[in-house]
Amino acid sequence: MVSLLAMHITEGVLPVGWAAFWFLVALPPLAWGLRGINRRRAADPSWLPMVALVGSAVFVVSCMPVPVPWAGTCSHPCGTGLGAILIGPGPTVVVASIALVFQALFLAHGGLTTLGANIVSMGVVGAYAGFGTFHLLGKFRVPVFLAAMAAGLISDWATYAATSLELASGLPHDGPLGGMFLTIAAAFVPTQVPLGVAEGVLTGVAYRFILVRRPELLGLPSFLQPAAGEEL
Amino acid sequence: MRTAACGFAFPPATLMIFFALAALSPAPAAEPGWKGVDETVIEKFAEEAGRPPREPFINIEHGDLPLFLFLAAGAAGGFVAGYTFRGLFPPKNRPDHAPPG
């Protein structure tokens, strides 16, 4: 049977001090994201359904266990890379936080004491890594599908790298922090490498679809702005 | 060459070898049950470090309740996603749909 509870940092795993620290780290990007949503909503109320769409997508995919048969495990995509390139990283932190609260409260998925750490890894690191990758590759004129695909892939891997760092720093261990981090990260690799590639393809397809159907929803980044007389 | 804060050096070739070896190796606690990485990685390392996970504040482990709750959550999330998707991307053949441009 595939495990239903398959992913975020579990309740009670992190010491109180580290749990509080990750809450404090999560607060500024969360406040920044709320400010961004309020400002954008004031300017364009029709943008909110896009936020709702991204929020529901992040919620569903991040509690959907995907089996990786050759690893004998299952895990989940994050969706925050796609969210970040659709609505921006700040709003993505907010919708990821809401999804994580619901999952911790009603699905025993993640935890309330580890909520800050999970917001930082999936919401903050995942969103900003995906957003940064997309725009960096865009500046080098990488085709938009590949840039979006890389954003989804890097976002997924960065999320689990951050989770590894949170565990390595919070759990008592012998030896250097770097060694513990690499040990935990290596344990994630058999599951997250194929899932990251799958999330990348999903992100590329979704972004390309919206770019073709409703480009005005995306608030096109500068590298995708068509030059005068040029069609998108 | 990039040096991490922990003092480890990560040249690209080292990273490629690391990913290749790790990807080809079985998961640390791979069992036929296809457990989630929370059990095979997070809880495994937490228990080894003497910090086993505690019971959730709202424990849903009662019979088929987890299945029901995950199904309900998926249905609710899917409804919101579908509803907003249809508003944002109406079918092309609808008379009120004006194609861009």
# chains A, B, ... in the order shown; residues from 1 in each chain; ligands from 1

$ residues_around --residues "Val60 in chain A" --least-positions-apart "5" --cutoff "10 Å" --atoms "only C-alpha atoms" --output "number ranges by chain"
A: 54-55, 76-79, 99, 103; B: 70, 73-78, 81

$ residues_around --residues "range 54-67 of chain B" --least-positions-apart "3" --cutoff "12 Å" --atoms "only C-alpha atoms" --output "VMD selection string"
(chain A and resid 1 to 5 9 to 15 63 to 64 102 to 114) or (chain B and resid 43 46 to 47 50 to 51 70 to 74)

$ select_by_dssp --residues "range 29-229 of chain A" --states "strand (DSSP E or B)" --output "number ranges by chain"
A: 66-68, 73-75

$ write_last_selection --atoms "N, CA and C atoms" --output "short mmCIF file (atom, residue, chain, number, x, y, z; two decimals), in the first residue's frame"
data_model
loop_
_atom_site.label_atom_id
_atom_site.label_comp_id
_atom_site.auth_asym_id
_atom_site.auth_seq_id
_atom_site.Cartn_x
_atom_site.Cartn_y
_atom_site.Cartn_z
N VAL A 66 3.26 10.23 -4.79
CA VAL A 66 3.56 9.62 -6.08
C VAL A 66 4.59 8.51 -5.85
N PRO A 67 4.25 7.26 -6.15
CA PRO A 67 5.20 6.18 -5.92
C PRO A 67 6.35 6.19 -6.92
N VAL A 68 7.53 5.88 -6.42
CA VAL A 68 8.71 5.71 -7.28
C VAL A 68 9.12 4.25 -7.12
N THR A 73 9.78 3.78 -2.62
CA THR A 73 9.22 4.82 -1.75
C THR A 73 8.22 5.66 -2.53
N CYS A 74 7.64 6.60 -1.85
CA CYS A 74 6.83 7.59 -2.57
C CYS A 74 7.04 8.95 -1.93
N SER A 75 6.80 9.97 -2.71
CA SER A 75 6.91 11.33 -2.23
C SER A 75 5.99 12.20 -3.07
#

$ residues_around --residues "range 166-183 of chain A" --least-positions-apart "4" --cutoff "7 Å" --atoms "only C-alpha atoms" --output "mmCIF file with C-alpha atoms, in the first residue's frame"
data_model
loop_
_atom_site.group_PDB
_atom_site.id
_atom_site.type_symbol
_atom_site.label_atom_id
_atom_site.label_comp_id
_atom_site.auth_asym_id
_atom_site.auth_seq_id
_atom_site.Cartn_x
_atom_site.Cartn_y
_atom_site.Cartn_z
ATOM 1 C CA LEU A 14 12.643 19.387 15.425
ATOM 2 C CA PRO A 15 13.731 20.717 18.828
ATOM 3 C CA TRP A 18 14.945 25.198 15.905
ATOM 4 C CA ALA A 117 10.408 24.757 8.753
ATOM 5 C CA ALA A 162 16.400 22.865 2.416
ATOM 6 C CA ALA A 187 18.732 9.590 1.138
ATOM 7 C CA CYS B 6 29.800 24.001 6.146
ATOM 8 C CA PHE B 8 32.694 21.275 1.951
ATOM 9 C CA ALA B 46 14.982 11.647 13.601
ATOM 10 C CA ALA B 49 19.034 11.117 16.584
#

$ select_by_dssp --residues "range 3-222 of chain A" --states "helix (DSSP H, G or I)" --output "PyMOL selection string"
chain A and resi 16-43+45-61+80-87+89-106+115-139+144-170+177-213+215-217+222

$ atom_distance --atom1 "CA of Phe89 in chain B" --atom2 "CA of Arg35 in chain A"
26.9 Å

$ residues_around --residues "Leu146 in chain A" --least-positions-apart "5" --cutoff "12 Å" --atoms "only C-alpha atoms" --output "list of chain:residue names"
A:Thr133, A:Phe134, A:His135, A:Leu136, A:Leu137, A:Gly138, A:Phe140, A:Arg141, A:Ala151, A:Gly152, A:Leu153, A:Ile154, A:Val197, A:Gly200, A:Val201, A:Leu202, A:Thr203, A:Gly204, A:Val205, A:Ala206, A:Tyr207, A:Arg208

$ write_last_selection --atoms "C-alpha atoms" --output "PDB file, in the first residue's frame"
ATOM      1  CA  THR A 133      15.984  29.804 -12.142  1.00  0.00           C
ATOM      2  CA  PHE A 134      13.251  30.830 -14.578  1.00  0.00           C
ATOM      3  CA  HIS A 135      14.391  34.429 -14.821  1.00  0.00           C
ATOM      4  CA  LEU A 136      18.087  33.582 -14.927  1.00  0.00           C
ATOM      5  CA  LEU A 137      17.593  31.168 -17.814  1.00  0.00           C
ATOM      6  CA  GLY A 138      15.275  33.649 -19.491  1.00  0.00           C
ATOM      7  CA  PHE A 140      20.177  33.727 -21.413  1.00  0.00           C
ATOM      8  CA  ARG A 141      17.392  33.315 -23.967  1.00  0.00           C
ATOM      9  CA  ALA A 151      12.270  26.120 -12.617  1.00  0.00           C
ATOM     10  CA  GLY A 152      10.032  23.232 -11.564  1.00  0.00           C
ATOM     11  CA  LEU A 153      12.948  20.827 -11.304  1.00  0.00           C
ATOM     12  CA  ILE A 154      15.256  23.139  -9.322  1.00  0.00           C
ATOM     13  CA  VAL A 197      12.155  15.724 -13.413  1.00  0.00           C
ATOM     14  CA  GLY A 200       9.799  20.023 -14.200  1.00  0.00           C
ATOM     15  CA  VAL A 201       7.944  18.605 -17.206  1.00  0.00           C
ATOM     16  CA  LEU A 202       4.598  19.401 -15.564  1.00  0.00           C
ATOM     17  CA  THR A 203       5.728  22.964 -14.878  1.00  0.00           C
ATOM     18  CA  GLY A 204       6.933  23.465 -18.443  1.00  0.00           C
ATOM     19  CA  VAL A 205       3.710  22.145 -19.952  1.00  0.00           C
ATOM     20  CA  ALA A 206       1.503  24.217 -17.622  1.00  0.00           C
ATOM     21  CA  TYR A 207       3.430  27.445 -18.192  1.00  0.00           C
ATOM     22  CA  ARG A 208       3.469  26.939 -21.953  1.00  0.00           C
TER      23      ARG A 208
END

$ atom_distance --atom1 "CA of Ala158 in chain A" --atom2 "CA of Met122 in chain A"
8.4 Å
